[in-house]
Amino acid sequence: MSRSGHLFAISVSILLLSLTPSLGRAESTEPLPSPPLGNPVQLHSETYLEDLDLESDEIRFRAFDAGCSIVLRVQERYLKRKKERWRNIAVMKTRSGFTYLQSEVGYYRLGKYLDLNIFAVTIYRKLHRASIEKLVADLEDRHYNLDCKSKAQVKLLEELKLLLLEEDPELKVILKEWLPLFKNFASDGFTGLPKVFAFNEHLTKARSQPPDEVVEFPARLRSKRSRHYTAKANVREMVMDISNLMVLDAVASQYDRWGGHNLHFRLTDGSEFVEGEDEVRRGGSARILALDNGSAMRSETTRAYEHLQLHVGRFDREFIARLKVLKRWLEEEPKVARKWLGLPRYEFKNLRRNLRTVLKFVEKKTRKNPQAWFEEKEEEAVKEEKAVEEEVDSL
């Protein structure tokens, strides 16, 4: 985006902020109106998730085995060659383990507001008797090896069985859009990133601008099956996504992302992972995916801010400008903003404090080193053109 276009976008967003009081009246179970900025990565809309009949016999729940929280596939029945099949249509999370429902929804709405399109659509839903009974039936059939998962299972089952004693039981959950073809990065935290994207040079030390070129990078390794996955990514786009996500994680005190196996990507071009003769499954174009956002919003800046200080030395000027617009909205319309984000007072207070801290950090970094900004593509093109002209002149 050109500088004039950037200023126009910010001016429009500030103008639209004056219209946001209507957002505060939306009920949590209704599709949200579009905020001032918004372009989430999605296959379906919030309305699609709202319209799913979770009480129907045509829908079932199947729990995942990984992690410490109770996370379930929402599956829909269909017929294929006259045989009954089930397909994944959404992910459902209950408040269990390390999952905090307000964090998941608040994070999605933050990403939507900031036009950071690396989040899956996430909304609140309510389960009633039939769907709660389906949830209980699936959990009772599960055996988990992880101690933290087993404890979460026992606790949730106790709560659900007590809930079913009520005349009209109701359970608040979140639904998250099912995004196919996603994998973990092959790294615990940051260990794999420097090798893949010259992370230190482009982002941490900010010695060189990330090139606008596509590379193949290693994705998740399944050691038991000896299968490697690879995908393609634009280096500049991927490094910028990582920078923006780490800034937002520090703002929202998301401490769980960078500890290992919680950084994901997904294929965005409709391709599949195709296995070759070398047992490597290769996919097409990939993009960062902020998939697990359940451990945020509950504290002041934590290790997410420490990661930001240690690993990020280059910033997206446009994204930081949007954060400044967000800061102004949180300060000038706190009641409206808090209700729209769906955050309790304490979490909202932390969000505002963290945002101020992060913006001060970025300002200090960029004031000391103006090269800490990602160059706009227009600037890069001008530099390249001048270089060509100088080369011609030298001849």
# chains A, B, ... in the order shown; residues from 1 in each chain; ligands from 1
>>> residues_around(residues="A:Gly67", least_positions_apart="5", cutoff="9 Å", atoms="only C-alpha atoms", output="PyMOL selection string")
chain A and resi 97+146+148-149
>>> write_last_selection(atoms="C-alpha atoms", output="compact mmCIF listing (two decimals), in the first residue's frame")
# COMPACT_ATOMS: atom_id res chain seq x y z
CA GLY A 97 -7.29 -27.20 30.87
CA LEU A 146 -1.61 -37.31 29.31
CA CYS A 148 -3.31 -33.05 32.42
CA LYS A 149 -5.79 -34.19 29.78
>>> closest_atom_pairs(of="stretch 290-329 of chain A", to="stretch 252-275 of chain A", cutoff="8 Å", atoms="only C-alpha atoms", output="tab-separated table")
residue	atom	partner	partner_atom	distance
A:Ala290	CA	A:His264	CA	6.5
A:Leu291	CA	A:His264	CA	6.8
A:Asp292	CA	A:Asn262	CA	6.6
A:Asn293	CA	A:Gln254	CA	7.2
A:Ser295	CA	A:Gln254	CA	5.8
A:Ala296	CA	A:Gln254	CA	4.2
A:Met297	CA	A:Ala252	CA	5.2
A:Arg298	CA	A:Ser253	CA	7.3
A:Ser299	CA	A:Ser253	CA	6.3
A:Glu300	CA	A:Ser253	CA	6.3
A:Thr301	CA	A:Ser253	CA	5.1
A:Thr302	CA	A:Ser253	CA	5.8
A:Arg303	CA	A:Tyr255	CA	5.8
A:Ala304	CA	A:Tyr255	CA	5.2
A:Tyr305	CA	A:Ser253	CA	7.2
>>> atom_distance(atom1="atom CA of A:Val173", atom2="atom CA of A:Glu347")
19.0 Å
>>> closest_residue(among="A:Leu72, A:Glu159, A:Thr47, A:Leu101", to="A:Pro344", atoms="only C-alpha atoms")
A:Leu101
>>> closest_residue(among="A:Ala66, A:Ala231, A:Val362, A:Val247", to="A:Val280", atoms="only C-alpha atoms")
A:Ala231
>>> atom_distance(atom1="atom CA of A:Val74", atom2="atom CA of A:Lys176")
9.6 Å
>>> residues_around(residues="A:Glu167", least_positions_apart="5", cutoff="12 Å", atoms="only C-alpha atoms", output="PyMOL selection string")
chain A and resi 128-129+162
>>> write_last_selection(atoms="N, CA and C atoms", output="PDB file, in the first residue's frame")
ATOM      1  N   HIS A 128     -27.333 -27.272  24.419  1.00  0.00           N
ATOM      2  CA  HIS A 128     -28.475 -27.603  25.263  1.00  0.00           C
ATOM      3  C   HIS A 128     -28.476 -29.115  25.511  1.00  0.00           C
ATOM      4  N   ARG A 129     -29.559 -29.643  26.022  1.00  0.00           N
ATOM      5  CA  ARG A 129     -29.550 -31.015  26.538  1.00  0.00           C
ATOM      6  C   ARG A 129     -29.037 -32.043  25.532  1.00  0.00           C
ATOM      7  N   LEU A 162     -23.601 -32.782  36.358  1.00  0.00           N
ATOM      8  CA  LEU A 162     -24.361 -31.921  37.267  1.00  0.00           C
ATOM      9  C   LEU A 162     -25.272 -30.981  36.480  1.00  0.00           C
TER      10      LEU A 162
END
>>> select_by_dssp(residues="stretch 112-308 of chain A", states="strand (DSSP E)", output="ChimeraX atom specification")
/A:122-127,171-177,182-184,214-222,227-234,264-267,274-275,280-289
>>> write_last_selection(atoms="N, CA and C atoms", output="compact mmCIF listing (two decimals), in the first residue's frame")
# COMPACT_ATOMS: atom_id res chain seq x y z
N THR A 122 -14.08 -17.42 14.83
CA THR A 122 -14.33 -17.96 16.17
C THR A 122 -15.52 -17.25 16.80
N ILE A 123 -16.52 -18.01 17.25
CA ILE A 123 -17.72 -17.41 17.84
C ILE A 123 -18.15 -18.20 19.08
N TYR A 124 -19.00 -17.57 19.87
CA TYR A 124 -19.64 -18.26 20.98
C TYR A 124 -20.86 -19.02 20.49
N ARG A 125 -21.12 -20.20 21.09
CA ARG A 125 -22.37 -20.93 20.90
C ARG A 125 -22.81 -21.49 22.25
N LYS A 126 -24.06 -21.91 22.31
CA LYS A 126 -24.58 -22.53 23.52
C LYS A 126 -25.09 -23.93 23.20
N LEU A 127 -24.69 -24.90 24.03
CA LEU A 127 -25.19 -26.27 23.90
C LEU A 127 -26.37 -26.45 24.85
N LEU A 171 -24.77 -24.84 28.12
CA LEU A 171 -23.32 -24.79 28.25
C LEU A 171 -22.74 -23.87 27.18
N LYS A 172 -21.95 -22.89 27.62
CA LYS A 172 -21.30 -21.95 26.70
C LYS A 172 -20.01 -22.56 26.18
N VAL A 173 -19.86 -22.58 24.86
CA VAL A 173 -18.66 -23.10 24.21
C VAL A 173 -18.27 -22.12 23.11
N ILE A 174 -17.15 -22.41 22.46
CA ILE A 174 -16.83 -21.65 21.25
C ILE A 174 -16.76 -22.62 20.07
N LEU A 175 -17.12 -22.12 18.92
CA LEU A 175 -16.93 -22.84 17.66
C LEU A 175 -15.88 -22.09 16.87
N LYS A 176 -15.01 -22.85 16.28
CA LYS A 176 -13.94 -22.30 15.45
C LYS A 176 -14.03 -22.96 14.09
N GLU A 177 -13.88 -22.16 13.06
CA GLU A 177 -13.98 -22.72 11.71
C GLU A 177 -12.95 -23.81 11.48
N PHE A 182 -3.62 -27.88 7.59
CA PHE A 182 -2.70 -27.10 8.42
C PHE A 182 -1.75 -28.06 9.14
N LYS A 183 -0.56 -27.57 9.42
CA LYS A 183 0.46 -28.37 10.11
C LYS A 183 1.21 -27.48 11.09
N ASN A 184 1.91 -28.13 12.02
CA ASN A 184 2.83 -27.42 12.90
C ASN A 184 4.12 -27.14 12.14
N VAL A 214 9.79 -16.69 -3.25
CA VAL A 214 9.15 -17.90 -2.73
C VAL A 214 10.20 -18.98 -2.49
N VAL A 215 10.15 -19.61 -1.31
CA VAL A 215 11.06 -20.70 -0.99
C VAL A 215 10.26 -21.89 -0.47
N GLU A 216 10.89 -23.06 -0.51
CA GLU A 216 10.28 -24.25 0.07
C GLU A 216 10.85 -24.42 1.48
N PHE A 217 9.98 -24.72 2.43
CA PHE A 217 10.46 -24.85 3.81
C PHE A 217 9.92 -26.14 4.41
N PRO A 218 10.66 -26.73 5.38
CA PRO A 218 10.20 -27.96 6.03
C PRO A 218 9.10 -27.66 7.03
N ALA A 219 8.11 -28.50 7.04
CA ALA A 219 7.01 -28.36 7.98
C ALA A 219 7.09 -29.49 9.00
N ARG A 220 5.96 -30.03 9.35
CA ARG A 220 5.92 -30.99 10.45
C ARG A 220 6.57 -32.32 10.06
N LEU A 221 7.27 -32.89 11.01
CA LEU A 221 7.88 -34.21 10.84
C LEU A 221 7.12 -35.21 11.70
N ARG A 222 6.60 -36.25 11.07
CA ARG A 222 5.96 -37.34 11.82
C ARG A 222 6.97 -38.47 11.93
N ARG A 227 7.54 -39.38 7.90
CA ARG A 227 7.02 -38.52 6.85
C ARG A 227 7.39 -37.06 7.12
N HIS A 228 7.96 -36.44 6.15
CA HIS A 228 8.24 -35.02 6.23
C HIS A 228 7.20 -34.28 5.39
N TYR A 229 6.88 -33.05 5.79
CA TYR A 229 6.00 -32.20 5.02
C TYR A 229 6.76 -30.93 4.65
N THR A 230 6.56 -30.45 3.44
CA THR A 230 7.12 -29.18 3.04
C THR A 230 6.02 -28.35 2.37
N ALA A 231 6.24 -27.05 2.34
CA ALA A 231 5.31 -26.15 1.65
C ALA A 231 6.11 -24.98 1.12
N LYS A 232 5.46 -24.10 0.38
CA LYS A 232 6.13 -22.94 -0.18
C LYS A 232 5.60 -21.68 0.48
N ALA A 233 6.48 -20.71 0.63
CA ALA A 233 6.06 -19.45 1.25
C ALA A 233 6.87 -18.30 0.69
N ASN A 234 6.22 -17.15 0.60
CA ASN A 234 6.91 -15.92 0.27
C ASN A 234 7.67 -15.46 1.53
N HIS A 264 1.49 -22.58 13.71
CA HIS A 264 0.97 -23.38 12.60
C HIS A 264 1.02 -22.60 11.29
N PHE A 265 0.87 -23.34 10.20
CA PHE A 265 0.64 -22.72 8.91
C PHE A 265 -0.44 -23.53 8.20
N ARG A 266 -1.01 -22.97 7.16
CA ARG A 266 -1.98 -23.72 6.36
C ARG A 266 -1.76 -23.42 4.90
N LEU A 267 -2.15 -24.37 4.05
CA LEU A 267 -2.09 -24.15 2.62
C LEU A 267 -3.24 -23.23 2.21
N VAL A 274 1.06 -33.77 -1.30
CA VAL A 274 1.23 -34.92 -2.19
C VAL A 274 2.56 -35.59 -1.86
N GLU A 275 2.49 -36.90 -1.61
CA GLU A 275 3.69 -37.63 -1.22
C GLU A 275 4.48 -38.06 -2.44
N VAL A 280 8.47 -37.47 1.09
CA VAL A 280 8.19 -36.10 1.50
C VAL A 280 6.85 -35.69 0.90
N ARG A 281 5.96 -35.22 1.75
CA ARG A 281 4.67 -34.73 1.28
C ARG A 281 4.77 -33.22 1.04
N ARG A 282 4.60 -32.83 -0.20
CA ARG A 282 4.78 -31.43 -0.57
C ARG A 282 3.44 -30.76 -0.84
N GLY A 283 3.33 -29.54 -0.31
CA GLY A 283 2.12 -28.75 -0.53
C GLY A 283 2.44 -27.48 -1.27
N GLY A 284 1.42 -26.70 -1.56
CA GLY A 284 1.60 -25.46 -2.31
C GLY A 284 1.89 -24.27 -1.41
N SER A 285 1.25 -23.15 -1.70
CA SER A 285 1.52 -21.91 -0.96
C SER A 285 0.98 -21.99 0.46
N ALA A 286 1.76 -21.48 1.41
CA ALA A 286 1.40 -21.55 2.83
C ALA A 286 1.39 -20.16 3.45
N ARG A 287 0.67 -20.07 4.55
CA ARG A 287 0.59 -18.81 5.30
C ARG A 287 0.54 -19.16 6.79
N ILE A 288 1.11 -18.29 7.62
CA ILE A 288 1.04 -18.46 9.07
C ILE A 288 -0.42 -18.56 9.51
N LEU A 289 -0.68 -19.40 10.49
CA LEU A 289 -2.03 -19.56 11.05
C LEU A 289 -1.94 -19.50 12.57
>>> residues_around(residues="A:Ala137", least_positions_apart="6", cutoff="10 Å", atoms="only C-alpha atoms", output="PyMOL selection string")
chain A and resi 61-62+131+157
>>> write_last_selection(atoms="C-alpha atoms", output="compact mmCIF listing (two decimals), in the first residue's frame")
# COMPACT_ATOMS: atom_id res chain seq x y z
CA PHE A 61 -18.62 -34.54 18.47
CA ARG A 62 -15.28 -36.34 18.51
CA SER A 131 -25.78 -31.71 22.45
CA LEU A 157 -17.54 -34.74 32.95
>>> closest_residue(among="A:Val105, A:Lys368, A:Leu355, A:Asn200", to="A:Arg322", atoms="only C-alpha atoms")
A:Leu355
>>> atom_distance(atom1="atom CA of A:Lys83", atom2="atom CA of A:Ala130")
24.9 Å
>>> residues_around(residues="A:Ser96", least_positions_apart="2", cutoff="9 Å", atoms="only C-alpha atoms", output="PyMOL selection string")
chain A and resi 68-71+93-94+98-100+152-153+155-156
>>> closest_residue(among="A:Pro211, A:Val121, A:Trp340, A:Arg95", to="A:Glu50", atoms="only C-alpha atoms")
A:Val121
>>> closest_residue(among="A:Glu55, A:Asp65, A:Glu170, A:Glu84", to="A:Arg142", atoms="only C-alpha atoms")
A:Asp65
>>> closest_residue(among="A:Glu376, A:Glu166, A:Asp141, A:Glu213", to="A:Glu318", atoms="only C-alpha atoms")
A:Glu376
>>> select_by_dssp(residues="stretch 100-176 of chain A", states="helix (DSSP H, G or I)", output="PyMOL selection string")
chain A and resi 101-113+129-140+147-163
>>> write_last_selection(atoms="N, CA and C atoms", output="compact mmCIF listing (two decimals), in the first residue's frame")
# COMPACT_ATOMS: atom_id res chain seq x y z
N LEU A 101 -12.13 -19.27 27.11
CA LEU A 101 -12.99 -18.97 25.98
C LEU A 101 -12.93 -17.49 25.57
N GLN A 102 -12.92 -16.59 26.55
CA GLN A 102 -12.86 -15.16 26.23
C GLN A 102 -11.60 -14.83 25.44
N SER A 103 -10.51 -15.55 25.72
CA SER A 103 -9.26 -15.31 25.01
C SER A 103 -9.40 -15.69 23.53
N GLU A 104 -10.00 -16.84 23.26
CA GLU A 104 -10.16 -17.29 21.89
C GLU A 104 -10.99 -16.29 21.07
N VAL A 105 -12.14 -15.89 21.61
CA VAL A 105 -13.02 -14.98 20.88
C VAL A 105 -12.41 -13.59 20.80
N GLY A 106 -11.85 -13.12 21.93
CA GLY A 106 -11.23 -11.80 21.94
C GLY A 106 -10.08 -11.69 20.97
N TYR A 107 -9.28 -12.75 20.87
CA TYR A 107 -8.15 -12.75 19.94
C TYR A 107 -8.63 -12.67 18.50
N TYR A 108 -9.63 -13.46 18.18
CA TYR A 108 -10.18 -13.43 16.82
C TYR A 108 -10.70 -12.04 16.47
N ARG A 109 -11.40 -11.41 17.42
CA ARG A 109 -11.95 -10.09 17.15
C ARG A 109 -10.85 -9.04 17.04
N LEU A 110 -9.78 -9.19 17.83
CA LEU A 110 -8.63 -8.29 17.68
C LEU A 110 -8.02 -8.42 16.28
N GLY A 111 -7.81 -9.68 15.86
CA GLY A 111 -7.25 -9.91 14.54
C GLY A 111 -8.13 -9.36 13.44
N LYS A 112 -9.43 -9.50 13.63
CA LYS A 112 -10.39 -8.99 12.65
C LYS A 112 -10.34 -7.47 12.59
N TYR A 113 -10.30 -6.84 13.75
CA TYR A 113 -10.23 -5.37 13.82
C TYR A 113 -8.96 -4.86 13.15
N ARG A 129 -29.56 -29.64 26.02
CA ARG A 129 -29.55 -31.01 26.54
C ARG A 129 -29.04 -32.04 25.53
N ALA A 130 -29.56 -32.06 24.33
CA ALA A 130 -29.19 -33.09 23.37
C ALA A 130 -27.70 -33.03 23.03
N SER A 131 -27.19 -31.84 22.81
CA SER A 131 -25.78 -31.71 22.45
C SER A 131 -24.87 -31.96 23.65
N ILE A 132 -25.30 -31.59 24.85
CA ILE A 132 -24.50 -31.87 26.05
C ILE A 132 -24.41 -33.38 26.27
N GLU A 133 -25.51 -34.08 26.04
CA GLU A 133 -25.50 -35.54 26.18
C GLU A 133 -24.56 -36.19 25.17
N LYS A 134 -24.52 -35.65 23.95
CA LYS A 134 -23.58 -36.17 22.94
C LYS A 134 -22.14 -35.94 23.39
N LEU A 135 -21.89 -34.79 23.97
CA LEU A 135 -20.55 -34.46 24.45
C LEU A 135 -20.14 -35.41 25.58
N VAL A 136 -21.04 -35.67 26.52
CA VAL A 136 -20.76 -36.59 27.62
C VAL A 136 -20.47 -37.99 27.09
N ALA A 137 -21.28 -38.45 26.14
CA ALA A 137 -21.10 -39.80 25.58
C ALA A 137 -19.73 -39.97 24.95
N ASP A 138 -19.27 -38.95 24.23
CA ASP A 138 -17.96 -39.06 23.58
C ASP A 138 -16.84 -39.04 24.61
N LEU A 139 -16.93 -38.15 25.59
CA LEU A 139 -15.87 -38.05 26.59
C LEU A 139 -15.76 -39.31 27.45
N GLU A 140 -16.88 -39.95 27.72
CA GLU A 140 -16.85 -41.18 28.52
C GLU A 140 -16.16 -42.32 27.77
N ASP A 147 -1.61 -36.89 31.70
CA ASP A 147 -2.24 -36.68 33.01
C ASP A 147 -3.08 -35.40 33.02
N CYS A 148 -2.57 -34.32 32.43
CA CYS A 148 -3.31 -33.05 32.42
C CYS A 148 -4.62 -33.18 31.65
N LYS A 149 -4.58 -34.00 30.59
CA LYS A 149 -5.79 -34.19 29.78
C LYS A 149 -6.81 -35.03 30.54
N SER A 150 -6.34 -36.05 31.22
CA SER A 150 -7.24 -36.90 31.99
C SER A 150 -7.93 -36.12 33.11
N LYS A 151 -7.17 -35.25 33.77
CA LYS A 151 -7.75 -34.43 34.83
C LYS A 151 -8.81 -33.48 34.28
N ALA A 152 -8.52 -32.88 33.12
CA ALA A 152 -9.48 -31.97 32.50
C ALA A 152 -10.74 -32.74 32.10
N GLN A 153 -10.57 -33.98 31.63
CA GLN A 153 -11.70 -34.81 31.23
C GLN A 153 -12.59 -35.13 32.43
N VAL A 154 -11.97 -35.57 33.53
CA VAL A 154 -12.74 -35.92 34.73
C VAL A 154 -13.51 -34.72 35.26
N LYS A 155 -12.82 -33.59 35.31
CA LYS A 155 -13.46 -32.38 35.84
C LYS A 155 -14.62 -31.93 34.96
N LEU A 156 -14.43 -31.96 33.66
CA LEU A 156 -15.48 -31.53 32.74
C LEU A 156 -16.68 -32.48 32.80
N LEU A 157 -16.43 -33.78 32.87
CA LEU A 157 -17.54 -34.74 32.95
C LEU A 157 -18.36 -34.53 34.21
N GLU A 158 -17.69 -34.27 35.31
CA GLU A 158 -18.42 -34.00 36.56
C GLU A 158 -19.32 -32.78 36.40
N GLU A 159 -18.79 -31.72 35.79
CA GLU A 159 -19.56 -30.50 35.60
C GLU A 159 -20.74 -30.73 34.66
N LEU A 160 -20.53 -31.50 33.61
CA LEU A 160 -21.59 -31.74 32.63
C LEU A 160 -22.72 -32.59 33.22
N LYS A 161 -22.36 -33.58 34.02
CA LYS A 161 -23.38 -34.44 34.61
C LYS A 161 -24.23 -33.69 35.63
N LEU A 162 -23.60 -32.78 36.36
CA LEU A 162 -24.36 -31.92 37.27
C LEU A 162 -25.27 -30.98 36.48
N LEU A 163 -24.76 -30.50 35.36
CA LEU A 163 -25.53 -29.59 34.52
C LEU A 163 -26.77 -30.28 33.96
>>> residues_around(residues="A:Thr366", least_positions_apart="2", cutoff="12 Å", atoms="only C-alpha atoms", output="VMD selection string")
chain A and resid 206 312 to 317 320 359 to 364 368 to 374
>>> decode(residues="stretch 157-175 of chain A", atoms="N, CA and C atoms", output="tab-separated table (two decimals), in the first residue's frame")
chain	number	residue	atom	x	y	z
A	157	LEU	N	-16.43	-33.78	32.87
A	157	LEU	CA	-17.54	-34.74	32.95
A	157	LEU	C	-18.36	-34.53	34.21
A	158	GLU	N	-17.69	-34.27	35.31
A	158	GLU	CA	-18.42	-34.00	36.56
A	158	GLU	C	-19.32	-32.78	36.40
A	159	GLU	N	-18.79	-31.72	35.79
A	159	GLU	CA	-19.56	-30.50	35.60
A	159	GLU	C	-20.74	-30.73	34.66
A	160	LEU	N	-20.53	-31.50	33.61
A	160	LEU	CA	-21.59	-31.74	32.63
A	160	LEU	C	-22.72	-32.59	33.22
A	161	LYS	N	-22.36	-33.58	34.02
A	161	LYS	CA	-23.38	-34.44	34.61
A	161	LYS	C	-24.23	-33.69	35.63
A	162	LEU	N	-23.60	-32.78	36.36
A	162	LEU	CA	-24.36	-31.92	37.27
A	162	LEU	C	-25.27	-30.98	36.48
A	163	LEU	N	-24.76	-30.50	35.36
A	163	LEU	CA	-25.53	-29.59	34.52
A	163	LEU	C	-26.77	-30.28	33.96
A	164	LEU	N	-26.65	-31.56	33.62
A	164	LEU	CA	-27.78	-32.30	33.04
A	164	LEU	C	-28.90	-32.56	34.05
A	165	LEU	N	-28.62	-32.34	35.33
A	165	LEU	CA	-29.67	-32.48	36.34
A	165	LEU	C	-30.63	-31.29	36.32
A	166	GLU	N	-30.22	-30.20	35.68
A	166	GLU	CA	-31.07	-29.03	35.60
A	166	GLU	C	-32.19	-29.24	34.58
A	167	GLU	N	-33.26	-28.49	34.76
A	167	GLU	CA	-34.42	-28.64	33.86
A	167	GLU	C	-34.10	-28.22	32.44
A	168	ASP	N	-33.37	-27.14	32.29
A	168	ASP	CA	-33.03	-26.64	30.96
A	168	ASP	C	-31.53	-26.35	30.93
A	169	PRO	N	-30.68	-27.39	30.80
A	169	PRO	CA	-29.23	-27.19	30.87
A	169	PRO	C	-28.71	-26.39	29.67
A	170	GLU	N	-27.65	-25.62	29.92
A	170	GLU	CA	-27.07	-24.78	28.88
A	170	GLU	C	-25.57	-24.65	29.15
A	171	LEU	N	-24.77	-24.84	28.12
A	171	LEU	CA	-23.32	-24.79	28.25
A	171	LEU	C	-22.74	-23.87	27.18
A	172	LYS	N	-21.95	-22.89	27.62
A	172	LYS	CA	-21.30	-21.95	26.70
A	172	LYS	C	-20.01	-22.56	26.18
A	173	VAL	N	-19.86	-22.58	24.86
A	173	VAL	CA	-18.66	-23.10	24.21
A	173	VAL	C	-18.27	-22.12	23.11
A	174	ILE	N	-17.15	-22.41	22.46
A	174	ILE	CA	-16.83	-21.65	21.25
A	174	ILE	C	-16.76	-22.62	20.07
A	175	LEU	N	-17.12	-22.12	18.92
A	175	LEU	CA	-16.93	-22.84	17.66
A	175	LEU	C	-15.88	-22.09	16.87
